[in-house]
Structures are given as C-alpha cells and as structure tokens.
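Chemist: Handing you a structure now.
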4 protein chains.
Amino acid sequence: MSEPIFDTHQLAHVEILTPKPNETLWFFRDLLGMEVTTQQGQSVYLRAYEDWYHHTLKITEAKEPGLGHVSWRASSPQALERRVKAIEASGLGKGWMDGDLGHGAAYQFTTPDGHPMEILWEVEYFQPAEDQKSPLLNRPQKRPLRGVPVRRLDHVNLLTSDVTVNKNFMMEQLGFRLREHIVLNNGIEAGCWLSVSPLVHEVALMRDGKGARGRLHHVCYWYGYPQNLNDLADVFREQGIYIEAGPGKHGISQAMFMYVYEPGGNRVELFGDPGYLIFDPAWKPITWTEETLAAGIVWFGGNLPGEFFLYGTPVVHEHEPAMAAG
Amino acid sequence: MSEPIFDTHQLAHVEILTPKPNETLWFFRDLLGMEVTTQQGQSVYLRAYEDWYHHTLKITEAKEPGLGHVSWRASSPQALERRVKAIEASGLGKGWMDGDLGHGAAYQFTTPDGHPMEILWEVEYFQPAEDQKSPLLNRPQKRPLRGVPVRRLDHVNLLTSDVTVNKNFMMEQLGFRLREHIVLNNGIEAGCWLSVSPLVHEVALMRDGKGARGRLHHVCYWYGYPQNLNDLADVFREQGIYIEAGPGKHGISQAMFMYVYEPGGNRVELFGDPGYLIFDPAWKPITWTEETLAAGIVWFGGNLPGEFFLYGTPVVHEHEPAMAAG
Amino acid sequence: MSEPIFDTHQLAHVEILTPKPNETLWFFRDLLGMEVTTQQGQSVYLRAYEDWYHHTLKITEAKEPGLGHVSWRASSPQALERRVKAIEASGLGKGWMDGDLGHGAAYQFTTPDGHPMEILWEVEYFQPAEDQKSPLLNRPQKRPLRGVPVRRLDHVNLLTSDVTVNKNFMMEQLGFRLREHIVLNNGIEAGCWLSVSPLVHEVALMRDGKGARGRLHHVCYWYGYPQNLNDLADVFREQGIYIEAGPGKHGISQAMFMYVYEPGGNRVELFGDPGYLIFDPAWKPITWTEETLAAGIVWFGGNLPGEFFLYGTPVVHEHEPAMAAG
Amino acid sequence: MSEPIFDTHQLAHVEILTPKPNETLWFFRDLLGMEVTTQQGQSVYLRAYEDWYHHTLKITEAKEPGLGHVSWRASSPQALERRVKAIEASGLGKGWMDGDLGHGAAYQFTTPDGHPMEILWEVEYFQPAEDQKSPLLNRPQKRPLRGVPVRRLDHVNLLTSDVTVNKNFMMEQLGFRLREHIVLNNGIEAGCWLSVSPLVHEVALMRDGKGARGRLHHVCYWYGYPQNLNDLADVFREQGIYIEAGPGKHGISQAMFMYVYEPGGNRVELFGDPGYLIFDPAWKPITWTEETLAAGIVWFGGNLPGEFFLYGTPVVHEHEPAMAAG
C-alpha cells in the first residue's frame, strides 16, 4: 500500500469574474459582511473576518461572470516542488508567475477541463489595524457590524465535461482524496467531492449538464451556525437576491446549504454547519447511485431545481457552441 | 525548513475507568445516546452514532475513576512504523500488544507524565444491523431515539505535572502541532492545545493544580450544534448530573462547551459547535498570557469555577502523595 | 367602537382519528416524545411535556383518518356561558356533554362546515409522579429521554368549503380576531389565520381544494427552536416518515415549519420557532393577494407541493362525493 | 369567582435616561441595529425593526441614568377609561398629558414606589419609506444590515422597596396577573413576574437590595433565537460592552438571557428565545422559595453575580440616602 500524499494543504483563494463589479462588491461586502483589503485595477480583494490571509476572494471585472482562478496552498516549500513536478509531468502546467497582491510566486496550471488553477507557498497575512484587533487572539480581526458576516472560505465547485478525468488529475497530481461520488447506472461519474483535509471537500466536480468545459458552479463561504443561514435568507429575500435553494441540508457532506446568485451572475453557496468531518485515514468513498441519490442531494429542507444542474458561469446560451472561459 | 510530520492521523478511542460502571454506562448510553457494541469482562465498548469504528469509548470498572488509555491511529502502516521507532527512541515505549476488541496490534507507550497511550493501524469497523442502516450513506447508522444523541469523539484533555515536557513528546515523537498555549509571566506553560488535523486539538495538556502526574482532565464528545448543548443541559439538570460550567463559549478553540461529571466521577466535556478550524500549514501558535487569558478561557456564557483547574481523575485527596493511576 | 371579546382563551385539546392506532401512537410517543396519560376504549390520551392538562391529543381508532373534535377553553365560567349563548343563537350548537377523561362538562357545536368542536371551563391537570417532577417548577414534568420531545400543542388548521362563512362564525360566536388572510383577485378568501392570543393563530381555515366539507388539514405541535426541527427531520428521514415540506419558514405567521404525515394519514405540523407575536390591540389584518402570496406561503427554505392544498383527512377519493367526517 | 381584567394590553414603550446620549444611541442603533424615528430636544426615539409603533424606546439625556417612564397601551378606549378610574381611585394618578411624539393623550401615574408610568390608547404607527418596505407584509420594515438587529421590545424590570405593595397595585389597578414569584422564608416577596398576555412578564418587580425606591433594573429587547444572543455576545466582547451575565437560561420565564450595561449605565437584557408561554386562564402562580430558587434564577449557562441584585439606575452610592429618580 502506498502512502497518501499530504502535499496540497488548503484552498487559499478564488478569483471570480463579474460584469457588475459594484453590485458584486455590494453583495460580498454589505450582505456577507466581508472586508475589502485592496482595490487595484479591475480587481477588488476581500476576505471573510476569520480568513487569515490578505484575501480569499478576488473579484475581477469581466464581460461575463465565471471563474478567474482557484489557488491552492501546499503543505511546505518541499511539497510545492513535488506537486509542481507532478503537474508538469501531466502536461497541464503553464509555468510560474511572480505573484499577485497577497502572495508570492505561484505555479499556474489548468485542470484537464481548462479551469485555471495555481499552487503556491508564500502568502501574505492580513494585518489588522489597531482598532480592528480582537481580544479573541485566534481571530484575525473583530466581527464586522455589517450584514450577516460570513466567517471563512470553504470550497469551490466546478462543472466539468468529464468528472472522472478531472477527478483523477486532482487526486494524482495534487493528492486529493475521494470522499463521496455519484455513479450513474451507466457507470458514468456525475459528481465527486474531493478533499485534502477532514472537510468532505475543498473542491467538488460535477458533470456539466450543458456539456460545456471549465465552468464555475459555485464558490462557498462558511458560517458554521444554521441560524446564520436563516438570518441571511431573511436579508436576501428583502434585498432582492435570488435564492435558488435552501436553507436545507445536503446528504452529501451533511452540510446545511443555501444557494444564491450574486448580482454578477455567479452562484454562491453559504454553509451553515460543519457537516461531518472525515478523520479515518483509510476512508472508503461513499458511492451514491441513481437509487440512493435523492437523499444525497437533499437530506431535508428544500429541493434543488433543475437549473441547479444546468446553470453555471459563464452562462451557456442556447444555439451557442458550449465553450467556457476557463 | 523541515517538513511537517503527518504520521499520526486521529484520536481512535479512549478508555476511562469508573468505580460505578452501571451509572457511567447509563450516562453515556441513556443521556448521551451512545450505542453499546460489546460488553466483555469488566469493560463495555461504546460509540457515538457517527463514529465509524467498533468503539470510541471503553468503560472499565476500577476502584478509582481515571484514564485507562488513549489510542491514536496512524496515517498508514508505514507511518505507524516511523512513529513506533521514534517512541522507542524516546525510551517511553512499552511494546506491542496483540489487540483488543475492535482493533489489531497496537504499540503501547506512555507520555513522560505516565498517561497510558497506544498507536495502531488496524481497526475494525462498526457493522450496522440491517434496520440500523441509514439512507444517509455517509452516516454509519441511524440517529438513536434515546437521550440527546452525541455524534462523535472529539478530544481528550490530560493533566500533567509539566506541560512543556509532555508537549514536546507529543510534538516530536507523534507529530502533533502546537495550536494555542498559555504562557505565564514566569515563563511556565500552563496549558497547550495540540492537533494533527484542522481541529484545534485532539489533545490538550494542562498543568495539574494538585501537582499530580498522569491524571485525566476530561474526554470530549461532539454535537456541532449549540442547541443540542442546551437540550442536553436541560436533561442534565433534571437527571441530577452535575454541570460544572457552561454551556458557554471558549476563547481557546472558540468551541461552545459544557463540562459535567459522569456518575463515576470523570469530567466529560460536550462540544456544541465546530469552533474554528486551522488550515494554514504554517500556523503560528496563539500565545495567551496572564493579561489576555481570561478571554481565552471563557469568551462568553459562564465562568469556570476554581475546581476546574484542580479536579481531575483519579481524585487527589489532601495529605495523600500526589500519584495518579496513569 | 365595540370592545373586543376575550371569552375564548386557548386551544385545549384536539382529537384525531386514525385507522392505524398503534403506528399513530408510535409516531407521537416514540418520535415526538409525547407522554401517554391514559388508554381507554378505542382512544389514547397524550400530552407534550410542557402541556399542563390531562391531555392535548386524543387519538381514536376509526376507519378513516380525520378530525375527532377541537376543544376550546373559555376565559372563565362566565365567559363560557356567554359563548354558549352566542353559539346557541347561531343554530350550530349541539348541547352539553358531561365530560370526558381530563375535563368536565363541555358544550358541543360544529362550525358551519361541520367540524366538531366544544368549549369548556373545567379541566383536569396532569399530576406528575414524584420522579417525573422537574426542579424547573414552571414545567409540569421532566423532559422525556425519548425521540425529539415536542413541547406543547400550538394550533389546528381546518379545510373548509367556504373560508369567509366559517371565519365569521369563529370571530362572531367565539371572539377570534383576524390576523392574516389570503384574498384572491376574484374576492374569495382562500385562507385565514385567527387567534384569541398574541399567537398569530390557534386556528387557521383554508379553502378545501377538493371542495369537501369539514376536513382536517393539520394539527401543530411546538418546539420553539429551529434546531429541534432539524433534529426531528433527521429522525423522520430515517424512520420512514413522509416529510411533505420543510423545515422552512412561512411568511404568514413567520413560523419555522415542517409538515409530515403521521402513519395514520393525518398531516402534522411542527413549529420550530415562535414566529412573531401580536400585541397590538387594534391589529389591522395582513392581506395577502395573488401578487404577494408566494412570500406569505414560504418565506424561505422549501416549497409547498401542490398536494399541500388538496390533501386533507379524511382523504377525498376521485369520483366520490366530497363529504368529510366532520 | 370574579372575571379577569383584560384592560391593559401591552407594553407600548419605555423611556430611559442617560448621561451619555451619543454612546447610548450608538449602543442601541449600531450594535442592536435599532432604527431612529426622530431626534427632538434632548431625546431620541427608536424602535426595533419588528416594532409597529413610532417608537418603543425614548432615550433622554439626563445627569443620571435611570427610568424616564413606562407606557402601557389599553385594550380599547373603554378599557383605558376603566383603568384611569381605578388608578385615580388609588390616589397614584397624576393626570392626563396631551401626548408626545408617537402617541396621543396619556394618563400619567406612578407605582407606589414612584416609578413614572402612563397608560394610553392612541398611538402613531411607523410608516416605512418605500425602499424600507419588506415583501414580508407582517413585518413593518426590512431587517437592518447593521449590528445584530433586535426584533421587538419585550419587558421592563423595576426595583422596588416593597414587591408586594407594588405588585398589588399592578394587579388591582391595571389587571396584571401574577405568573411567578419568589417568597423568602420570612414571608417577604423578593420578586414577582406579572403579565397581561401569555408572556410570563411585561413587568417584573424585584426587591431593591440597596433599599432605594423607584429604580430601573433593566429594559429587555427580544431576538427569539439563541444563536442571535451568541452573535451579539461576540460583538459585545469586541466592542467593549460589559456583559454582566449570560448568555444563559433562566428558570423563571425559561428565557435565554444576556445582561449588559449600555454605555450610559442602564442594564439592558436581551432575550434569545420565547421561554414558555402561559395559556391557562386559571394559571396558578409558580412560587420559588429559598430552597428551590437557584434553579429559578439560572437554569443553566452562567451565574448572576452579586451586583445583579444590587445594581440599578440611578446608581445608589454608599453613604448617600437611598432615593431614586422615579
């Protein structure tokens, strides 16, 4: 038995694209209570109040909504080197970039489907102003008094033209472990949930119902308390934010969820509880089939509409060739 | 920079000793809703309904309450070998035992303070009866209809005569990472919280206010929802269980806590939320000092009484030499 | 301006009919944690653990599920007399009955639609056994250790062939106040929520989509904590109870709801929060129209299926004359 | 048996005095998310977002913190007349005043202890601006995006030199019903909880440990969800607000509580759940004695410090004659 790879350590940040940067910023800053670190060029950098780094979200103006890139942090400089070698060997590496606001050199690559990603080691930590410091020393700053403040980045969910191919890449090149997946009666994997930690996933891959490549399904931030989702649903209903589904409870991951579209068009998920955590080092992946799947999608509290399996960003219009930004 | 050790993977189970086995069993089975796997000799083996292995708690009849042993699971067979070598080199190894109900061969050792521990790879999984199976496939069995059912084992807290010495052992021989600690003005470490996962701790070490060695402070099970702690507090108040403190919220770990004494005399903690999780691979430990400590002990919702820092099991009586069971 | 009538004071108890008495009893006793006071003849009398009287639910074996009767308690003996006179004058009075287990003489009547009701003053209080007494003196007994124990009876919802006619009867003869209602574009009232207390309703009347008379839509018990609904939803999913909708939040009443069918076929609602309370003595009823109604039915967290507006007990089968048990 | 009096219907508003009007306003507006209706002279008028009237809180600048007045709304104009007659007969009436911002003519009086009160019928309703209107029609305005927004005024707690005398006045002249009280072994009433609705109290009277007259113990606003108290405790800890006790759960009223001092010095309570509601028209008051009292004061989650029974506003300094503002 070969040993597990512990080289990829966490989801560092996500960049999303938006055609409505002001409205998207309003959503994350005023409703989710996130903090702006910097604004530069066509981008704004934000973090939730329990995120330790310079940013976990980069919002960049673009013609279409969608994924900018996903950034992973390695477990150590040595681990980073090993992963870069593995990615290079796969042929999907794009090379090193010097860094961005908030982090140092990063190795860029794509998934087989074309989702832009990077892996890095050097990060810049958020430095609170004196009056932002909390007496709770393990919290990077005081809880904001704005909106229903979200706590931290949780995961990203990507639509793919082929779940298995992309899953294999994430597992083999990056060391992700398969936690749960959906296998249809015809043997095709319709979705998978992968993680490098006890979380059920830092990344999920779902079959793109439109047949497109490289699209974003959603980015997820985390509260940890179901009531916060209810408070936020109240706010969303009154502020005109479209709630696609929830609050409810997933079977897969056992997390309390709510799905909404931010004004730029990207789907955002909010997590309202810790779900379950996986500590077993020999975890046997959970396989959901067509017979058992309903309980996996929604355990209780609301159904996912059909669009959940079709809508992603960029939006694929009818009669257009299915090709995404990735 | 040397790479982190990822060899110890999780807290597998804890054995506690009790002079009142029937009452202790009633507490865990009827109030916490835990499930009995097996009863054999002077021991009962139990698990919470989301624990995957044969047991996470072994209750053994004894003259005095206290710690039986703590069991860690390695990340892989190879990782187990490496840890055994490191422990042997420390001189604290006791050697291999063949196994117990629920697991295979385990390597036994003690902390410098004398707390009995073991590390192992081979575990037996819980096998639900047909009518115990849940349609929620990532749950090992249905939620019990008894008491306020707790979900899984979380951590163990040990009293030690010297926090630093025991901490160093856990970090160097087992690969634990320091997450938070208390450093008094005289430089002495009064407590530390160590983990091998994003949890803030699978084990905490606190200075024994009685100066004893090898005692148990508490074992902790996990709910994940603050309301469940309130429901359980209701039950405890009516069933005559002594609540030492809480429900309230710790600063250290940010967890919602409640401390009670099970009828055999051991302190048990119940966790009502996920606290915060640590994903940063270069985490800088949080240091609490005498000036900042109050917020760390209790962030809100109830104070810890003086006995919290003195009471452990076995109980150290006045005028007796301070020597524990470990 | 005439003064409000304060003569009807509370919903005292509800009787439901079931073709599966054992399974219905299992649902209320083992899953909702209710307590059996007495079993006599074809009936079982139960109460939630915070109900003060002998019973709030009478389950009676019958060929079809449905409503047995609804019992109201007056504010005083004098108030009872006044209400009996008013009901008699309406022509819907049936006369006095001597009493039942748990209460004294009651005046029986029906709504215009035929729902059996009674109003009474004399009730028997639950007497806890010595070991059932709680140190919480304002609680009639200890919290049960069975299921997810529900706290008290909340309200009843009746299907009617004509909402306005039945509403007028409840308001004029019994003194109910109109809190919220739905008025369709054609002027027809599709539903109304009536109360004699700050609760938004002790009784709701909804238009029977099948055109039947005297049917039961649901009886509702109360938790007060949203998490308890989530805990219970977990139990229902695993114990094979059909969840029709929720947990979610109503706009009307602002209550967190979950609708299920007990094994005998009657719909049962569980309330997970206090919603909003009405203290204004000059309350202007809230009118929902076809344009605004969606937010009133479900504010967030799950949609009500079409059957919600059609299914009631007894079940009306196709090609049968629409006539209910009432 | 005489019939109960249903003439006093609700707590309409409370006026508090503060020597630090800006800081007090910051507390209620920015931390509790309350809305300012008007600012006039030395007073600011506020309401919680689910309060229907012009205001429920009037903050008036003064040299010392304390109670301005308590305002009750009658059930009808006729009920108001009856109560005014009864108060006049008691000799504690002060006469009619023309009205204030937000309400019409009010009859002023004091308790025997000297707490200023008024009773009225005519109130002005809050009129939301177009963009403040919520699609939730039974909510007077959208949920604010500021602080942890509180929902409505709940009750007021007054310190008195003689609980029984003041209780009798509230019951006989105003029609309050006794729900719970504390009777010491020497027969003295140490506290009582009185209401005109299913709430356990709109007013509590507690024995002033300083022997003063007419002081304010606290005013209480209501959330209804325990998690909101936890969110708010987080905010208070970071914003430098002194938390005297809680979040915890009272036995008396069964409410989740938190006590803090607003910057002007007045104690404010926040309620985090509905507690229990009283629907029995023949309610037998709960009597707590010295033997049973501890469970009544705090059921779980934190102890009340000694100052809880001594501190009120205005503050009574040592060596000063005990005389309050009332």
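FYI, nothing fancy with the structure tokens labels: chains A, B, ... in order, residues from 1 per chain, ligands from 1 as they appear.
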Which of segment 54-245 of chain C end up as strand (DSSP E) when DSSP is run on this backbone - answer as a ChimeraX atom specification?
Modeler: /C:57-61,66-74,93-97,106-110,116-120,152-160,177-183,189-195,203-207,216-222,243-245
Chemist: Determine, using only C-alpha atoms, which residues of chain A have any atom at most 8 Å from an atom of chain D, and tabulate each with its shortest atom pair and distance in Å to one decimal place, rows ordered by chain and then rising number, as a Markdown table.
Modeler:
```
| residue | atom | partner | partner_atom | distance |
| --- | --- | --- | --- | --- |
| A:Asp30 | CA | D:Leu145 | CA | 7.6 |
| A:Leu31 | CA | D:Leu145 | CA | 7.2 |
| A:Ser134 | CA | D:Glu238 | CA | 5.9 |
| A:Pro135 | CA | D:Glu238 | CA | 6.6 |
| A:Lys142 | CA | D:Glu238 | CA | 6.3 |
| A:Arg143 | CA | D:Val235 | CA | 6.6 |
| A:Leu145 | CA | D:Gly147 | CA | 4.5 |
| A:Arg146 | CA | D:Arg146 | CA | 5.1 |
| A:Gly147 | CA | D:Leu145 | CA | 4.5 |
| A:Val148 | CA | D:Leu145 | CA | 7.4 |
| A:Tyr225 | CA | D:Gln227 | CA | 7.8 |
| A:Gln227 | CA | D:Gln227 | CA | 6.3 |
| A:Asn228 | CA | D:Gln227 | CA | 7.9 |
| A:Asp234 | CA | D:Arg143 | CA | 7.5 |
| A:Val235 | CA | D:Arg143 | CA | 6.6 |
| A:Arg237 | CA | D:Pro135 | CA | 7.9 |
| A:Glu238 | CA | D:Ser134 | CA | 5.9 |
```
Chemist: Show me, as an mmCIF file with N, CA, C and O atoms, in the first residue's frame, the residues that have an atom within 9 Å of segment 49-63 of chain A when counting only C-alpha atoms, minus same-chain residues fewer than 3 positions from it.
Modeler:
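The resulting file, result39.cif, is reproduced below:
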```
data_model
loop_
_atom_site.group_PDB
_atom_site.id
_atom_site.type_symbol
_atom_site.label_atom_id
_atom_site.label_comp_id
_atom_site.auth_asym_id
_atom_site.auth_seq_id
_atom_site.Cartn_x
_atom_site.Cartn_y
_atom_site.Cartn_z
ATOM 1 N N LEU A 11 -7.378 25.286 0.321
ATOM 2 C CA LEU A 11 -7.865 26.233 -0.672
ATOM 3 C C LEU A 11 -7.461 27.623 -0.194
ATOM 4 O O LEU A 11 -7.904 28.073 0.863
ATOM 5 N N ALA A 12 -6.596 28.296 -0.937
ATOM 6 C CA ALA A 12 -6.071 29.593 -0.490
ATOM 7 C C ALA A 12 -6.986 30.748 -0.878
ATOM 8 O O ALA A 12 -7.300 31.609 -0.061
ATOM 9 N N HIS A 13 -7.378 30.803 -2.135
ATOM 10 C CA HIS A 13 -8.309 31.836 -2.553
ATOM 11 C C HIS A 13 -8.929 31.472 -3.896
ATOM 12 O O HIS A 13 -8.482 30.541 -4.568
ATOM 13 N N VAL A 14 -9.964 32.221 -4.253
ATOM 14 C CA VAL A 14 -10.665 32.013 -5.513
ATOM 15 C C VAL A 14 -10.845 33.379 -6.165
ATOM 16 O O VAL A 14 -11.112 34.368 -5.485
ATOM 17 N N GLU A 15 -10.665 33.418 -7.477
ATOM 18 C CA GLU A 15 -10.968 34.642 -8.217
ATOM 19 C C GLU A 15 -12.231 34.402 -9.039
ATOM 20 O O GLU A 15 -12.335 33.387 -9.736
ATOM 21 N N ILE A 16 -13.176 35.321 -8.928
ATOM 22 C CA ILE A 16 -14.369 35.221 -9.781
ATOM 23 C C ILE A 16 -14.432 36.457 -10.685
ATOM 24 O O ILE A 16 -13.928 37.528 -10.341
ATOM 25 N N LEU A 17 -15.075 36.272 -11.822
ATOM 26 C CA LEU A 17 -15.250 37.350 -12.803
ATOM 27 C C LEU A 17 -16.689 37.849 -12.731
ATOM 28 O O LEU A 17 -17.602 37.062 -12.491
ATOM 29 N N THR A 18 -16.854 39.136 -12.926
ATOM 30 C CA THR A 18 -18.210 39.676 -12.873
ATOM 31 C C THR A 18 -18.381 40.838 -13.842
ATOM 32 O O THR A 18 -17.515 41.712 -13.948
ATOM 33 N N PRO A 19 -19.505 40.865 -14.532
ATOM 34 C CA PRO A 19 -19.800 42.018 -15.390
ATOM 35 C C PRO A 19 -20.386 43.190 -14.595
ATOM 36 O O PRO A 19 -20.573 44.264 -15.148
ATOM 37 N N LYS A 20 -20.691 42.981 -13.325
ATOM 38 C CA LYS A 20 -21.280 44.046 -12.489
ATOM 39 C C LYS A 20 -20.455 44.198 -11.221
ATOM 40 O O LYS A 20 -20.909 43.815 -10.124
ATOM 41 N N PRO A 21 -19.254 44.747 -11.339
ATOM 42 C CA PRO A 21 -18.344 44.744 -10.185
ATOM 43 C C PRO A 21 -18.895 45.471 -8.963
ATOM 44 O O PRO A 21 -18.682 45.022 -7.838
ATOM 45 N N THR A 24 -21.597 43.236 -7.367
ATOM 46 C CA THR A 24 -20.970 42.051 -6.791
ATOM 47 C C THR A 24 -20.250 42.423 -5.493
ATOM 48 O O THR A 24 -20.342 41.699 -4.488
ATOM 49 N N LEU A 25 -19.564 43.546 -5.515
ATOM 50 C CA LEU A 25 -18.878 44.009 -4.302
ATOM 51 C C LEU A 25 -19.883 44.280 -3.186
ATOM 52 O O LEU A 25 -19.668 43.902 -2.031
ATOM 53 N N GLY A 33 -20.907 40.774 4.696
ATOM 54 C CA GLY A 33 -20.040 41.411 5.687
ATOM 55 C C GLY A 33 -18.558 41.167 5.469
ATOM 56 O O GLY A 33 -17.771 41.239 6.418
ATOM 57 N N MET A 34 -18.147 40.892 4.241
ATOM 58 C CA MET A 34 -16.719 40.664 4.004
ATOM 59 C C MET A 34 -15.951 41.982 3.987
ATOM 60 O O MET A 34 -16.523 43.053 3.840
ATOM 61 N N GLU A 35 -14.631 41.879 4.156
ATOM 62 C CA GLU A 35 -13.783 43.057 4.282
ATOM 63 C C GLU A 35 -12.944 43.244 3.014
ATOM 64 O O GLU A 35 -12.337 42.288 2.519
ATOM 65 N N VAL A 36 -12.883 44.453 2.542
ATOM 66 C CA VAL A 36 -12.030 44.768 1.398
ATOM 67 C C VAL A 36 -10.610 45.031 1.890
ATOM 68 O O VAL A 36 -10.404 45.861 2.771
ATOM 69 N N THR A 37 -9.652 44.311 1.341
ATOM 70 C CA THR A 37 -8.249 44.557 1.676
ATOM 71 C C THR A 37 -7.669 45.613 0.737
ATOM 72 O O THR A 37 -7.033 46.569 1.180
ATOM 73 N N THR A 38 -7.886 45.425 -0.536
ATOM 74 C CA THR A 38 -7.307 46.322 -1.538
ATOM 75 C C THR A 38 -8.208 46.356 -2.763
ATOM 76 O O THR A 38 -8.899 45.377 -3.058
ATOM 77 N N GLY A 41 -6.682 48.139 -10.055
ATOM 78 C CA GLY A 41 -7.038 47.840 -11.439
ATOM 79 C C GLY A 41 -8.503 47.455 -11.496
ATOM 80 O O GLY A 41 -9.361 48.124 -10.919
ATOM 81 N N GLN A 42 -8.783 46.360 -12.189
ATOM 82 C CA GLN A 42 -10.176 45.924 -12.328
ATOM 83 C C GLN A 42 -10.554 44.938 -11.229
ATOM 84 O O GLN A 42 -11.562 44.242 -11.356
ATOM 85 N N SER A 43 -9.720 44.862 -10.190
ATOM 86 C CA SER A 43 -9.970 43.828 -9.174
ATOM 87 C C SER A 43 -10.126 44.409 -7.770
ATOM 88 O O SER A 43 -9.515 45.425 -7.437
ATOM 89 N N VAL A 44 -10.955 43.746 -6.983
ATOM 90 C CA VAL A 44 -11.079 44.022 -5.546
ATOM 91 C C VAL A 44 -10.725 42.735 -4.815
ATOM 92 O O VAL A 44 -11.144 41.652 -5.231
ATOM 93 N N TYR A 45 -9.947 42.875 -3.729
ATOM 94 C CA TYR A 45 -9.516 41.715 -2.932
ATOM 95 C C TYR A 45 -10.245 41.751 -1.599
ATOM 96 O O TYR A 45 -10.171 42.741 -0.872
ATOM 97 N N LEU A 46 -10.899 40.657 -1.242
ATOM 98 C CA LEU A 46 -11.668 40.612 0.005
ATOM 99 C C LEU A 46 -11.345 39.371 0.815
ATOM 100 O O LEU A 46 -10.827 38.386 0.290
ATOM 101 N N GLY A 66 -17.886 34.239 -14.186
ATOM 102 C CA GLY A 66 -17.198 32.955 -14.298
ATOM 103 C C GLY A 66 -16.049 32.878 -13.315
ATOM 104 O O GLY A 66 -15.893 33.736 -12.438
ATOM 105 N N GLY A 68 -12.197 33.074 -12.303
ATOM 106 C CA GLY A 68 -10.890 33.622 -12.657
ATOM 107 C C GLY A 68 -9.853 32.517 -12.476
ATOM 108 O O GLY A 68 -9.326 31.978 -13.438
ATOM 109 N N LEU A 101 -0.997 40.559 -5.562
ATOM 110 C CA LEU A 101 -1.235 41.130 -4.243
ATOM 111 C C LEU A 101 -1.582 39.980 -3.311
ATOM 112 O O LEU A 101 -2.439 39.150 -3.633
ATOM 113 N N GLY A 102 -0.891 39.892 -2.192
ATOM 114 C CA GLY A 102 -1.270 38.890 -1.197
ATOM 115 C C GLY A 102 -0.524 37.577 -1.270
ATOM 116 O O GLY A 102 -0.667 36.745 -0.375
ATOM 117 N N HIS A 103 0.242 37.352 -2.318
ATOM 118 C CA HIS A 103 1.027 36.112 -2.327
ATOM 119 C C HIS A 103 2.222 36.220 -3.250
ATOM 120 O O HIS A 103 2.286 37.089 -4.122
ATOM 121 N N VAL A 123 2.515 33.276 1.225
ATOM 122 C CA VAL A 123 1.307 34.099 1.331
ATOM 123 C C VAL A 123 1.577 35.286 2.253
ATOM 124 O O VAL A 123 2.450 35.231 3.114
ATOM 125 N N GLU A 124 0.811 36.324 2.046
ATOM 126 C CA GLU A 124 0.885 37.496 2.909
ATOM 127 C C GLU A 124 -0.282 37.426 3.888
ATOM 128 O O GLU A 124 -1.408 37.137 3.475
ATOM 129 N N TYR A 125 0.013 37.682 5.150
ATOM 130 C CA TYR A 125 -1.056 37.628 6.148
ATOM 131 C C TYR A 125 -1.734 38.985 6.272
ATOM 132 O O TYR A 125 -1.106 40.027 6.121
ATOM 133 N N PHE A 126 -3.009 38.946 6.567
ATOM 134 C CA PHE A 126 -3.773 40.161 6.843
ATOM 135 C C PHE A 126 -3.242 40.805 8.126
ATOM 136 O O PHE A 126 -2.986 40.126 9.118
ATOM 137 N N GLN A 127 -3.042 42.122 8.086
ATOM 138 C CA GLN A 127 -2.585 42.852 9.274
ATOM 139 C C GLN A 127 -3.699 43.784 9.729
ATOM 140 O O GLN A 127 -3.965 44.792 9.085
ATOM 141 N N ASN A 138 -7.237 34.258 18.589
ATOM 142 C CA ASN A 138 -7.241 33.340 17.450
ATOM 143 C C ASN A 138 -8.206 33.791 16.356
ATOM 144 O O ASN A 138 -8.613 32.993 15.503
ATOM 145 N N ARG A 139 -8.595 35.039 16.391
ATOM 146 C CA ARG A 139 -9.441 35.619 15.346
ATOM 147 C C ARG A 139 -8.686 36.799 14.750
ATOM 148 O O ARG A 139 -8.280 37.693 15.482
ATOM 149 N N PRO A 140 -8.523 36.818 13.434
ATOM 150 C CA PRO A 140 -7.661 37.850 12.845
ATOM 151 C C PRO A 140 -8.180 39.279 12.980
ATOM 152 O O PRO A 140 -7.405 40.211 12.847
ATOM 153 N N GLN A 141 -9.446 39.439 13.232
ATOM 154 C CA GLN A 141 -9.995 40.786 13.415
ATOM 155 C C GLN A 141 -11.367 40.671 14.065
ATOM 156 O O GLN A 141 -11.932 39.605 14.141
ATOM 157 N N LYS A 142 -11.885 41.825 14.497
ATOM 158 C CA LYS A 142 -13.220 41.848 15.082
ATOM 159 C C LYS A 142 -14.277 41.445 14.063
ATOM 160 O O LYS A 142 -14.136 41.705 12.867
ATOM 161 N N ARG A 143 -15.346 40.884 14.559
ATOM 162 C CA ARG A 143 -16.511 40.578 13.742
ATOM 163 C C ARG A 143 -17.101 41.880 13.205
ATOM 164 O O ARG A 143 -17.356 42.817 13.972
ATOM 165 N N PRO A 144 -17.321 41.986 11.900
ATOM 166 C CA PRO A 144 -17.896 43.213 11.337
ATOM 167 C C PRO A 144 -19.324 43.450 11.831
ATOM 168 O O PRO A 144 -20.028 42.515 12.209
ATOM 169 N N PRO A 149 -22.245 38.661 8.840
ATOM 170 C CA PRO A 149 -20.846 38.424 8.444
ATOM 171 C C PRO A 149 -20.464 36.949 8.372
ATOM 172 O O PRO A 149 -20.637 36.198 9.325
ATOM 173 N N VAL A 150 -19.947 36.567 7.227
ATOM 174 C CA VAL A 150 -19.535 35.193 6.969
ATOM 175 C C VAL A 150 -18.127 34.993 7.516
ATOM 176 O O VAL A 150 -17.372 35.953 7.683
ATOM 177 N N ARG A 151 -17.758 33.757 7.852
ATOM 178 C CA ARG A 151 -16.524 33.532 8.600
ATOM 179 C C ARG A 151 -15.290 33.177 7.780
ATOM 180 O O ARG A 151 -14.210 33.643 8.049
ATOM 181 N N ARG A 152 -15.452 32.265 6.816
ATOM 182 C CA ARG A 152 -14.260 31.868 6.050
ATOM 183 C C ARG A 152 -14.637 31.204 4.738
ATOM 184 O O ARG A 152 -15.727 30.656 4.600
ATOM 185 N N LEU A 153 -13.688 31.211 3.827
ATOM 186 C CA LEU A 153 -13.823 30.487 2.562
ATOM 187 C C LEU A 153 -13.915 28.998 2.854
ATOM 188 O O LEU A 153 -13.193 28.483 3.710
ATOM 189 N N TYR B 276 -13.259 27.017 15.589
ATOM 190 C CA TYR B 276 -12.623 27.405 14.325
ATOM 191 C C TYR B 276 -11.703 26.271 13.907
ATOM 192 O O TYR B 276 -11.297 25.447 14.731
ATOM 193 N N ASP B 280 -4.097 26.700 7.804
ATOM 194 C CA ASP B 280 -2.796 27.274 7.460
ATOM 195 C C ASP B 280 -1.682 26.280 7.804
ATOM 196 O O ASP B 280 -1.520 25.918 8.962
#
```
Chemist: Please identify which residues in segment 96-267 of chain C DSSP calls alpha helix (DSSP H) from the backbone, and express them as a ChimeraX atom specification.
Modeler: /C:163-174,226-239
Chemist: Can you list, as a PyMOL selection string, every protein, DNA or RNA residue that comes within 10 Å of Thr8 of chain B when you count only C-alpha atoms, leaving out same-chain residues fewer than 5 positions away?
Modeler: (chain A and resi 281) or (chain B and resi 72-76+79-80+82-83+119-121+173-176+195-197)
